[in-house]
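A.B. asks: So I've got this file, structure27.csv, and it contains CSV, C-alpha atoms and all ligand atoms:
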```
chain,number,residue,atom,x,y,z
A,91,MET,CA,79.9,143.3,86.7
A,92,ALA,CA,76.4,144.8,86.5
A,93,VAL,CA,73.7,142.8,84.7
A,94,GLU,CA,72.2,144.7,81.9
A,95,ALA,CA,68.5,144.3,82.5
A,96,PRO,CA,65.8,146.7,83.8
A,97,PRO,CA,66.1,146.8,87.6
A,98,ARG,CA,62.4,146.1,88.0
A,99,GLN,CA,62.7,143.0,85.9
A,100,LEU,CA,65.5,141.8,88.1
A,101,THR,CA,63.6,142.5,91.4
A,102,ASP,CA,60.4,141.0,90.0
A,103,PHE,CA,62.4,137.9,89.3
A,104,LEU,CA,63.8,137.8,92.9
A,105,ARG,CA,60.3,138.4,94.3
A,106,SER,CA,58.9,135.5,92.3
A,107,LEU,CA,60.9,132.8,94.0
A,108,ARG,CA,58.7,130.4,95.8
A,109,ALA,CA,59.1,126.9,97.3
A,110,VAL,CA,58.2,124.3,94.7
A,111,ARG,CA,57.7,120.8,96.0
A,112,ASP,CA,55.9,119.2,93.0
A,113,PHE,CA,58.0,118.3,90.1
A,114,GLN,CA,57.9,117.0,86.6
A,115,ARG,CA,60.1,114.0,85.9
A,116,LYS,CA,61.9,116.0,83.2
A,117,PRO,CA,65.6,115.8,83.9
A,118,LEU,CA,67.8,118.9,84.3
A,119,SER,CA,70.5,119.2,81.6
A,120,ASP,CA,74.1,119.1,82.7
A,121,ASP,CA,74.4,122.6,81.4
A,122,VAL,CA,71.7,123.9,83.7
A,123,VAL,CA,73.1,122.0,86.7
A,124,GLN,CA,76.6,123.4,86.1
A,125,ASP,CA,75.2,126.9,85.8
A,126,ILE,CA,73.3,126.5,89.2
A,127,LEU,CA,76.5,125.2,90.8
A,128,GLU,CA,78.5,128.2,89.4
A,129,VAL,CA,76.0,130.6,91.0
A,130,ALA,CA,76.4,128.7,94.3
A,131,ARG,CA,80.2,128.7,94.0
A,132,TRP,CA,80.1,132.5,94.0
A,133,SER,CA,78.1,132.7,97.1
A,134,GLY,CA,79.7,135.0,99.8
A,135,SER,CA,80.9,133.6,103.1
A,136,ALA,CA,82.3,134.8,106.3
A,137,SER,CA,86.0,135.8,105.7
A,138,ASN,CA,85.5,134.2,102.3
A,139,ARG,CA,86.1,130.8,103.9
A,140,GLN,CA,83.6,129.1,101.5
A,141,PHE,CA,82.5,126.6,104.1
A,142,VAL,CA,79.7,125.0,102.1
A,143,GLU,CA,80.1,121.9,99.9
A,144,ILE,CA,77.4,120.4,97.8
A,145,ILE,CA,76.5,116.8,97.1
A,146,VAL,CA,74.5,116.5,93.9
A,147,ILE,CA,72.1,113.5,93.9
A,148,ARG,CA,70.7,112.3,90.6
A,149,LYS,CA,70.0,108.7,91.4
A,150,ARG,CA,66.3,108.0,91.9
A,151,GLU,CA,66.9,105.4,94.6
A,152,THR,CA,69.1,107.7,96.6
A,153,LEU,CA,66.5,110.5,96.4
A,154,GLN,CA,63.9,108.0,97.6
A,155,ALA,CA,66.1,106.9,100.5
A,156,LEU,CA,66.9,110.4,101.5
A,157,ALA,CA,63.2,111.4,101.2
A,158,GLY,CA,62.3,108.7,103.8
A,159,LEU,CA,64.7,110.0,106.5
A,160,GLY,CA,63.7,112.0,109.5
A,161,GLY,CA,62.8,115.7,108.9
A,162,TYR,CA,60.8,117.5,106.3
A,163,VAL,CA,62.5,116.3,103.2
A,164,GLY,CA,59.7,114.2,101.6
A,165,HIS,CA,59.8,116.5,98.5
A,166,LEU,CA,63.1,114.9,97.5
A,167,ARG,CA,61.1,111.9,96.5
A,168,GLY,CA,59.7,113.5,93.3
A,169,ALA,CA,62.6,115.8,92.6
A,170,ALA,CA,64.6,115.5,89.3
A,171,LEU,CA,67.7,116.2,91.3
A,172,GLY,CA,68.8,117.0,94.9
A,173,MET,CA,71.5,119.1,96.3
A,174,LEU,CA,72.6,118.5,99.9
A,175,LEU,CA,74.7,121.0,101.7
A,176,VAL,CA,77.7,120.0,103.8
A,177,ALA,CA,79.2,122.4,106.4
A,178,PRO,CA,82.5,121.6,108.2
A,179,GLY,CA,80.8,121.6,111.7
A,180,GLU,CA,83.3,124.0,113.3
A,181,TRP,CA,81.4,127.3,113.6
A,182,PRO,CA,77.7,126.7,113.8
A,183,GLU,CA,76.6,130.3,113.7
A,184,GLY,CA,78.7,131.3,110.7
A,185,GLU,CA,78.2,128.1,108.8
A,186,THR,CA,74.5,128.2,109.2
A,187,PHE,CA,74.3,131.7,107.9
A,188,ASP,CA,76.4,130.9,104.9
A,189,GLU,CA,74.5,127.7,104.3
A,190,GLY,CA,71.4,129.8,104.0
A,191,ARG,CA,73.1,132.1,101.5
A,192,ALA,CA,74.2,129.2,99.4
A,193,ALA,CA,70.8,127.6,99.5
A,194,GLU,CA,69.1,130.8,98.4
A,195,ARG,CA,71.6,131.1,95.6
A,196,ILE,CA,70.9,127.6,94.4
A,197,MET,CA,67.2,128.3,94.4
A,198,LEU,CA,67.6,131.6,92.5
A,199,GLY,CA,70.1,130.1,90.0
A,200,ALA,CA,67.6,127.3,89.4
A,201,TRP,CA,64.6,129.6,89.1
A,202,ALA,CA,66.5,131.6,86.4
A,203,HIS,CA,66.3,128.4,84.3
A,204,GLY,CA,62.6,127.9,85.2
A,205,VAL,CA,63.6,125.1,87.7
A,206,GLY,CA,61.7,125.1,90.9
A,207,SER,CA,63.1,124.1,94.3
A,208,SER,CA,62.5,123.7,97.9
A,209,ILE,CA,64.7,123.7,101.0
A,210,GLY,CA,64.2,120.8,103.4
A,211,TRP,CA,65.8,120.2,106.8
A,212,PHE,CA,66.7,116.8,108.1
A,213,SER,CA,65.9,116.1,111.8
A,214,PRO,CA,69.0,115.4,114.0
A,215,GLU,CA,68.4,111.7,113.4
A,216,GLY,CA,67.9,112.2,109.7
A,217,ARG,CA,71.2,114.2,109.5
A,218,LYS,CA,73.1,111.2,110.9
A,219,GLU,CA,71.4,108.8,108.5
A,220,ALA,CA,71.9,111.0,105.5
A,221,LYS,CA,75.6,111.2,106.3
A,222,ARG,CA,75.8,107.4,106.6
A,223,LEU,CA,74.1,107.0,103.3
A,224,LEU,CA,76.3,109.5,101.5
A,225,GLY,CA,79.7,108.6,103.1
A,226,VAL,CA,80.1,111.9,105.0
A,227,PRO,CA,82.4,111.6,108.0
A,228,ALA,CA,81.2,112.3,111.5
A,229,LYS,CA,82.2,115.9,112.0
A,230,PRO,CA,80.6,117.8,109.1
A,231,VAL,CA,76.9,118.8,109.3
A,232,VAL,CA,74.4,117.7,106.7
A,233,ARG,CA,71.2,119.6,107.5
A,234,THR,CA,69.9,121.1,104.4
A,235,ALA,CA,68.5,119.4,101.3
A,236,ILE,CA,67.3,121.2,98.2
A,237,SER,CA,64.9,119.5,95.9
A,238,LEU,CA,65.0,120.7,92.3
A,239,GLY,CA,62.9,120.1,89.2
A,240,TYR,CA,60.7,121.7,86.7
A,241,PRO,CA,57.4,122.6,88.5
A,242,ALA,CA,54.5,120.2,87.9
A,243,SER,CA,52.0,122.9,88.8
A,244,PRO,CA,52.2,126.7,89.4
A,245,PRO,CA,53.9,127.5,92.7
A,246,ARG,CA,51.6,128.4,95.6
A,247,ARG,CA,51.4,132.1,96.1
A,248,GLY,CA,52.7,132.1,99.7
A,249,SER,CA,51.8,135.2,101.6
A,250,ARG,CA,54.0,137.6,103.4
A,251,LYS,CA,53.7,140.1,106.2
A,252,PRO,CA,53.0,143.7,105.1
A,253,ILE,CA,56.2,145.7,104.8
A,254,THR,CA,55.0,147.9,107.7
A,255,GLU,CA,55.3,144.9,110.1
A,256,LEU,CA,58.8,144.1,108.8
A,257,VAL,CA,60.7,147.4,108.6
A,258,HIS,CA,61.5,149.9,111.3
A,259,GLU,CA,62.6,153.4,110.3
A,260,GLU,CA,65.6,154.8,112.4
A,261,ARG,CA,64.5,153.1,115.6
A,262,TYR,CA,62.9,149.8,116.6
A,263,ARG,CA,59.3,150.2,117.8
A,264,ALA,CA,57.7,147.3,119.5
B,1,LIG,C1,65.8,127.3,107.1
B,1,LIG,C2,64.7,126.8,106.3
B,1,LIG,C3,64.3,125.5,106.5
B,1,LIG,C4,63.2,125.0,105.7
B,1,LIG,N1,62.8,123.7,105.9
B,1,LIG,C5,61.9,123.2,105.1
B,1,LIG,C6,61.5,121.9,105.3
B,1,LIG,O1,62.1,121.2,106.2
B,1,LIG,N2,60.6,121.4,104.5
B,1,LIG,C7,60.0,122.2,103.5
B,1,LIG,O2,59.1,121.6,102.8
B,1,LIG,N3,60.3,123.5,103.4
B,1,LIG,C8,61.2,124.0,104.1
B,1,LIG,N4,61.6,125.3,104.0
B,1,LIG,C9,60.9,126.1,103.0
B,1,LIG,C10,59.9,127.0,103.6
B,1,LIG,O3,58.8,126.2,104.0
B,1,LIG,C11,59.4,128.1,102.6
B,1,LIG,O4,60.6,128.9,102.4
B,1,LIG,C12,58.3,128.9,103.1
B,1,LIG,O5,57.2,128.1,103.4
B,1,LIG,C13,57.9,130.0,102.1
B,1,LIG,O6,57.4,129.4,101.0
B,1,LIG,P1,57.0,130.3,99.7
B,1,LIG,O7,58.3,131.1,99.3
B,1,LIG,O8,56.6,129.3,98.7
B,1,LIG,O9,55.9,131.2,100.1
B,1,LIG,C14,62.6,125.8,104.7
B,1,LIG,C15,63.1,127.1,104.5
B,1,LIG,C16,64.1,127.6,105.3
B,1,LIG,C17,64.6,129.0,105.0
```
Any chance you could put this one into structure tokens?
C.D. replies:
Amino acid sequence: MAVEAPPRQLTDFLRSLRAVRDFQRKPLSDDVVQDILEVARWSGSASNRQFVEIIVIRKRETLQALAGLGGYVGHLRGAALGMLLVAPGEWPEGETFDEGRAAERIMLGAWAHGVGSSIGWFSPEGRKEAKRLLGVPAKPVVRTAISLGYPASPPRRGSRKPITELVHEERYRA
């Protein structure tokens, strides 16, 4: 199903996604959260195995506790809501790739509603503690947290390499 919107408008939207780590306290409505989760549900995965599960965290005390764990997840502290991704822990390469796809989908789905977000990774110790806190069994991997909320300030304009440093035509040139 093609979306009826000018292509440039759609690609401008995709290009505008930035990490947001500063949030208003304003909560996300259930409708918005469900819509973001639906976008995530339709994420592609290797052999359509749909590895990634999502834990939605709304409780402030849980967000605070997670924000204090090892890694780079301090932005969960001020988030209106957090989503933690759970992968089965059976095929690291494939699951990590699909986790990235799902994370980007969550961020884009959120941004479509004006909700900012940032990915954060737990350290190995933080992963264990996050699992303990959330009742996740030993085998699955909890590595990625996504903080969500309406931006408190305009997102930083992070820079990118010029396209000439990124793209190779026909053959790789070092
Ligand atoms: C695999 C991965 C791990 C990341 N881990 C963190 C993290 O631990 N903490 C954090 O604040 N941001 C994290 N980020 C977000 C990046 O810092 C962000 O995408 C990058 O700085 C570009 O930001 P911009 O889009 O706002 O320019 C991660 C992003 C990815 C893809």
A.B. asks: How close does chain A get to ligand LIG 1 (chain B)? List, as JSON lines, each residue of chain A within 10 Å, its nearest atom pair and the distance in Å to one decimal, counting all atoms listed in the file.
C.D. replies:
```
{"residue": "A:Arg105", "atom": "CA", "partner": "B:LIG1", "partner_atom": "O7", "distance": 9.1}
{"residue": "A:Ser106", "atom": "CA", "partner": "B:LIG1", "partner_atom": "O7", "distance": 8.3}
{"residue": "A:Leu107", "atom": "CA", "partner": "B:LIG1", "partner_atom": "O7", "distance": 6.1}
{"residue": "A:Arg108", "atom": "CA", "partner": "B:LIG1", "partner_atom": "O7", "distance": 3.6}
{"residue": "A:Ala109", "atom": "CA", "partner": "B:LIG1", "partner_atom": "O8", "distance": 3.7}
{"residue": "A:Val110", "atom": "CA", "partner": "B:LIG1", "partner_atom": "O8", "distance": 6.6}
{"residue": "A:Arg111", "atom": "CA", "partner": "B:LIG1", "partner_atom": "O2", "distance": 7.0}
{"residue": "A:Gly160", "atom": "CA", "partner": "B:LIG1", "partner_atom": "O1", "distance": 9.9}
{"residue": "A:Gly161", "atom": "CA", "partner": "B:LIG1", "partner_atom": "O1", "distance": 6.2}
{"residue": "A:Tyr162", "atom": "CA", "partner": "B:LIG1", "partner_atom": "O1", "distance": 3.9}
{"residue": "A:Val163", "atom": "CA", "partner": "B:LIG1", "partner_atom": "N2", "distance": 5.6}
{"residue": "A:Gly164", "atom": "CA", "partner": "B:LIG1", "partner_atom": "O2", "distance": 7.5}
{"residue": "A:His165", "atom": "CA", "partner": "B:LIG1", "partner_atom": "O2", "distance": 6.7}
{"residue": "A:Leu166", "atom": "CA", "partner": "B:LIG1", "partner_atom": "O2", "distance": 9.4}
{"residue": "A:Thr186", "atom": "CA", "partner": "B:LIG1", "partner_atom": "C1", "distance": 9.0}
{"residue": "A:Phe187", "atom": "CA", "partner": "B:LIG1", "partner_atom": "C1", "distance": 9.6}
{"residue": "A:Glu189", "atom": "CA", "partner": "B:LIG1", "partner_atom": "C1", "distance": 9.1}
{"residue": "A:Gly190", "atom": "CA", "partner": "B:LIG1", "partner_atom": "C1", "distance": 6.9}
{"residue": "A:Arg191", "atom": "CA", "partner": "B:LIG1", "partner_atom": "C17", "distance": 9.7}
{"residue": "A:Ala193", "atom": "CA", "partner": "B:LIG1", "partner_atom": "C17", "distance": 8.4}
{"residue": "A:Glu194", "atom": "CA", "partner": "B:LIG1", "partner_atom": "C17", "distance": 8.2}
{"residue": "A:Ser207", "atom": "CA", "partner": "B:LIG1", "partner_atom": "C9", "distance": 9.2}
{"residue": "A:Ser208", "atom": "CA", "partner": "B:LIG1", "partner_atom": "C9", "distance": 5.9}
{"residue": "A:Ile209", "atom": "CA", "partner": "B:LIG1", "partner_atom": "N4", "distance": 4.6}
{"residue": "A:Gly210", "atom": "CA", "partner": "B:LIG1", "partner_atom": "C6", "distance": 3.5}
{"residue": "A:Trp211", "atom": "CA", "partner": "B:LIG1", "partner_atom": "O1", "distance": 3.9}
{"residue": "A:Phe212", "atom": "CA", "partner": "B:LIG1", "partner_atom": "O1", "distance": 6.6}
{"residue": "A:Ser213", "atom": "CA", "partner": "B:LIG1", "partner_atom": "O1", "distance": 8.5}
{"residue": "A:Arg233", "atom": "CA", "partner": "B:LIG1", "partner_atom": "C3", "distance": 9.1}
{"residue": "A:Thr234", "atom": "CA", "partner": "B:LIG1", "partner_atom": "C3", "distance": 7.4}
{"residue": "A:Ala235", "atom": "CA", "partner": "B:LIG1", "partner_atom": "O1", "distance": 8.3}
{"residue": "A:Ile236", "atom": "CA", "partner": "B:LIG1", "partner_atom": "C8", "distance": 8.9}
{"residue": "A:Ser237", "atom": "CA", "partner": "B:LIG1", "partner_atom": "O2", "distance": 9.3}
{"residue": "A:Pro245", "atom": "CA", "partner": "B:LIG1", "partner_atom": "O8", "distance": 6.8}
{"residue": "A:Arg246", "atom": "CA", "partner": "B:LIG1", "partner_atom": "O8", "distance": 6.0}
{"residue": "A:Arg247", "atom": "CA", "partner": "B:LIG1", "partner_atom": "O9", "distance": 6.1}
{"residue": "A:Gly248", "atom": "CA", "partner": "B:LIG1", "partner_atom": "O9", "distance": 3.3}
{"residue": "A:Ser249", "atom": "CA", "partner": "B:LIG1", "partner_atom": "O9", "distance": 5.9}
{"residue": "A:Arg250", "atom": "CA", "partner": "B:LIG1", "partner_atom": "O9", "distance": 7.4}
```
A.B. asks: Can you pull out the residues contacting Arg148 of chain A? Cut-off 8 Å, using all atoms listed in the file, and skip same-chain residues under 5 positions away; I want them as a ChimeraX atom specification.
C.D. replies: /A:153,170-172
A.B. asks: Print the selection's residues with C-alpha atoms to a file, as a compact mmCIF listing (two decimals), in the coordinates of the input.
C.D. replies:
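result.txt was written with the following content:
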```txt
# COMPACT_ATOMS: atom_id res chain seq x y z
CA LEU A 153 66.50 110.50 96.40
CA ALA A 170 64.60 115.50 89.30
CA LEU A 171 67.70 116.20 91.30
CA GLY A 172 68.80 117.00 94.90
```
A.B. asks: Check the smallest atom-to-atom distance from each of A:Gly204, A:Pro230, A:Gly239, A:Gly184 to Gly168 of chain A using only C-alpha atoms, then report the winner.
C.D. replies: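 Comparing A:Gly204, A:Pro230, A:Gly239, A:Gly184 against Gly168 of chain A, the winner is A:Gly239.
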A.B. asks: Identify which of the residues A:Leu174, A:Glu185, A:Glu151, A:Val129 lies closest to Val232 of chain A, counting only C-alpha atoms when measuring atom-to-atom distances.
C.D. replies: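 Once distances to Val232 of chain A are computed over only C-alpha atoms, the minimum belongs to A:Leu174.
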A.B. asks: What's the separation between atom CA of Tyr240 of chain A and atom CA of Asp121 of chain A, in Å to one decimal place?
C.D. replies: 14.7 Å
A.B. asks: My list of candidates is A:Arg263, A:His203, A:Arg167, A:Arg98. Which is closest to Arg115 of chain A when distances are computed with all atoms listed in the file?
C.D. replies: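 Checking each candidate against Arg115 of chain A, we get A:Arg167 as the closest.
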A.B. asks: Go through segment 93-161 of chain A residue by residue and, counting all atoms listed in the file, keep those with an atom at most 10 Å from segment 215-227 of chain A; for each kept residue give the shortest atom pair and its distance in Å to one decimal, ordered by chain and increasing number, as CSV.
C.D. replies:
```
residue,atom,partner,partner_atom,distance
A:Ile145,CA,A:Leu224,CA,8.5
A:Ile147,CA,A:Leu224,CA,9.6
A:Thr152,CA,A:Leu223,CA,8.4
A:Ala155,CA,A:Leu223,CA,8.5
A:Leu156,CA,A:Ala220,CA,6.4
A:Ala157,CA,A:Ala220,CA,9.7
A:Gly158,CA,A:Gly216,CA,8.9
A:Leu159,CA,A:Gly216,CA,5.0
A:Gly160,CA,A:Gly216,CA,4.2
A:Gly161,CA,A:Gly216,CA,6.2
```
A.B. asks: Using C-alpha atoms, can you export the residues from the last selection as an mmCIF file, keeping the file's coordinate frame?
C.D. replies:
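Result file result.cif:
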```cif
data_model
loop_
_atom_site.group_PDB
_atom_site.id
_atom_site.type_symbol
_atom_site.label_atom_id
_atom_site.label_comp_id
_atom_site.auth_asym_id
_atom_site.auth_seq_id
_atom_site.Cartn_x
_atom_site.Cartn_y
_atom_site.Cartn_z
ATOM 1 C CA ILE A 145 76.500 116.800 97.100
ATOM 2 C CA ILE A 147 72.100 113.500 93.900
ATOM 3 C CA THR A 152 69.100 107.700 96.600
ATOM 4 C CA ALA A 155 66.100 106.900 100.500
ATOM 5 C CA LEU A 156 66.900 110.400 101.500
ATOM 6 C CA ALA A 157 63.200 111.400 101.200
ATOM 7 C CA GLY A 158 62.300 108.700 103.800
ATOM 8 C CA LEU A 159 64.700 110.000 106.500
ATOM 9 C CA GLY A 160 63.700 112.000 109.500
ATOM 10 C CA GLY A 161 62.800 115.700 108.900
#
```
A.B. asks: Report, in Å with one decimal, the straight-line distance from atom CA of Arg131 of chain A to atom CA of Arg195 of chain A.
C.D. replies: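 Spanning atom CA of Arg131 of chain A to atom CA of Arg195 of chain A is a straight-line distance of 9.1 Å.
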A.B. asks: Can you pull out the residues contacting Ile196 of chain A? Cut-off 8 Å, using all atoms listed in the file, and skip same-chain residues under 6 positions away; I want them as a list in words.
C.D. replies: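 Those residues are Ile126, Leu127, Val129 and Ala130 of chain A.
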A.B. asks: Any chance you could model N, CA and C atoms for segment 96-132 of chain A and send them as a short mmCIF file (atom, residue, chain, number, x, y, z; two decimals), keeping the file's coordinate frame?
C.D. replies:
```
data_model
loop_
_atom_site.label_atom_id
_atom_site.label_comp_id
_atom_site.auth_asym_id
_atom_site.auth_seq_id
_atom_site.Cartn_x
_atom_site.Cartn_y
_atom_site.Cartn_z
N PRO A 96 66.54 145.70 82.99
CA PRO A 96 65.80 146.70 83.80
C PRO A 96 65.77 146.27 85.24
N PRO A 97 66.11 147.17 86.18
CA PRO A 97 66.10 146.80 87.60
C PRO A 97 64.83 146.14 88.06
N ARG A 98 63.70 146.68 87.63
CA ARG A 98 62.40 146.10 88.00
C ARG A 98 62.22 144.69 87.57
N GLN A 99 62.78 144.41 86.41
CA GLN A 99 62.70 143.00 85.90
C GLN A 99 63.47 142.09 86.80
N LEU A 100 64.63 142.59 87.26
CA LEU A 100 65.50 141.80 88.10
C LEU A 100 64.79 141.58 89.51
N THR A 101 64.23 142.66 90.06
CA THR A 101 63.60 142.50 91.40
C THR A 101 62.30 141.73 91.30
N ASP A 102 61.60 141.85 90.18
CA ASP A 102 60.40 141.00 90.00
C ASP A 102 60.79 139.53 90.01
N PHE A 103 61.90 139.23 89.36
CA PHE A 103 62.40 137.90 89.30
C PHE A 103 62.71 137.39 90.77
N LEU A 104 63.41 138.24 91.53
CA LEU A 104 63.80 137.80 92.90
C LEU A 104 62.51 137.62 93.74
N ARG A 105 61.53 138.50 93.56
CA ARG A 105 60.30 138.40 94.30
C ARG A 105 59.47 137.15 93.94
N SER A 106 59.69 136.66 92.74
CA SER A 106 58.90 135.50 92.30
C SER A 106 59.31 134.18 92.78
N LEU A 107 60.43 134.14 93.49
CA LEU A 107 60.90 132.80 94.00
C LEU A 107 59.99 132.29 95.06
N ARG A 108 59.51 131.07 94.85
CA ARG A 108 58.70 130.40 95.80
C ARG A 108 59.14 128.97 95.97
N ALA A 109 58.76 128.36 97.09
CA ALA A 109 59.10 126.90 97.30
C ALA A 109 58.25 126.11 96.30
N VAL A 110 58.89 125.22 95.56
CA VAL A 110 58.20 124.30 94.70
C VAL A 110 58.51 122.88 95.19
N ARG A 111 57.45 122.10 95.43
CA ARG A 111 57.70 120.80 96.00
C ARG A 111 57.06 119.66 95.11
N ASP A 112 56.52 120.09 93.99
CA ASP A 112 55.90 119.20 93.00
C ASP A 112 56.55 119.27 91.71
N PHE A 113 57.15 118.17 91.27
CA PHE A 113 58.00 118.30 90.10
C PHE A 113 57.64 117.40 88.96
N GLN A 114 57.96 117.86 87.75
CA GLN A 114 57.90 117.00 86.60
C GLN A 114 59.09 116.04 86.63
N ARG A 115 58.98 114.94 85.93
CA ARG A 115 60.10 114.00 85.90
C ARG A 115 61.23 114.47 84.96
N LYS A 116 60.94 115.47 84.13
CA LYS A 116 61.90 116.00 83.20
C LYS A 116 63.28 116.24 83.82
N PRO A 117 64.34 115.62 83.31
CA PRO A 117 65.60 115.80 83.90
C PRO A 117 66.21 117.23 83.67
N LEU A 118 67.12 117.65 84.51
CA LEU A 118 67.80 118.90 84.30
C LEU A 118 69.04 118.60 83.42
N SER A 119 69.30 119.44 82.45
CA SER A 119 70.50 119.20 81.60
C SER A 119 71.75 119.47 82.43
N ASP A 120 72.85 118.87 82.02
CA ASP A 120 74.10 119.10 82.70
C ASP A 120 74.48 120.59 82.69
N ASP A 121 74.16 121.22 81.58
CA ASP A 121 74.40 122.60 81.40
C ASP A 121 73.73 123.48 82.50
N VAL A 122 72.46 123.16 82.72
CA VAL A 122 71.70 123.90 83.70
C VAL A 122 72.25 123.59 85.12
N VAL A 123 72.57 122.33 85.39
CA VAL A 123 73.10 122.00 86.70
C VAL A 123 74.42 122.70 86.96
N GLN A 124 75.28 122.72 85.96
CA GLN A 124 76.60 123.40 86.10
C GLN A 124 76.39 124.88 86.37
N ASP A 125 75.43 125.47 85.67
CA ASP A 125 75.20 126.90 85.80
C ASP A 125 74.71 127.20 87.27
N ILE A 126 73.82 126.37 87.78
CA ILE A 126 73.30 126.50 89.20
C ILE A 126 74.50 126.42 90.14
N LEU A 127 75.35 125.42 89.91
CA LEU A 127 76.50 125.20 90.80
C LEU A 127 77.48 126.37 90.76
N GLU A 128 77.61 126.98 89.58
CA GLU A 128 78.50 128.20 89.40
C GLU A 128 77.94 129.33 90.27
N VAL A 129 76.62 129.49 90.23
CA VAL A 129 76.00 130.60 91.00
C VAL A 129 76.29 130.29 92.52
N ALA A 130 76.14 129.04 92.92
CA ALA A 130 76.40 128.70 94.30
C ALA A 130 77.87 128.90 94.68
N ARG A 131 78.76 128.60 93.75
CA ARG A 131 80.20 128.70 94.00
C ARG A 131 80.57 130.19 94.33
N TRP A 132 79.81 131.13 93.75
CA TRP A 132 80.10 132.50 94.00
C TRP A 132 79.36 133.12 95.16
#
```
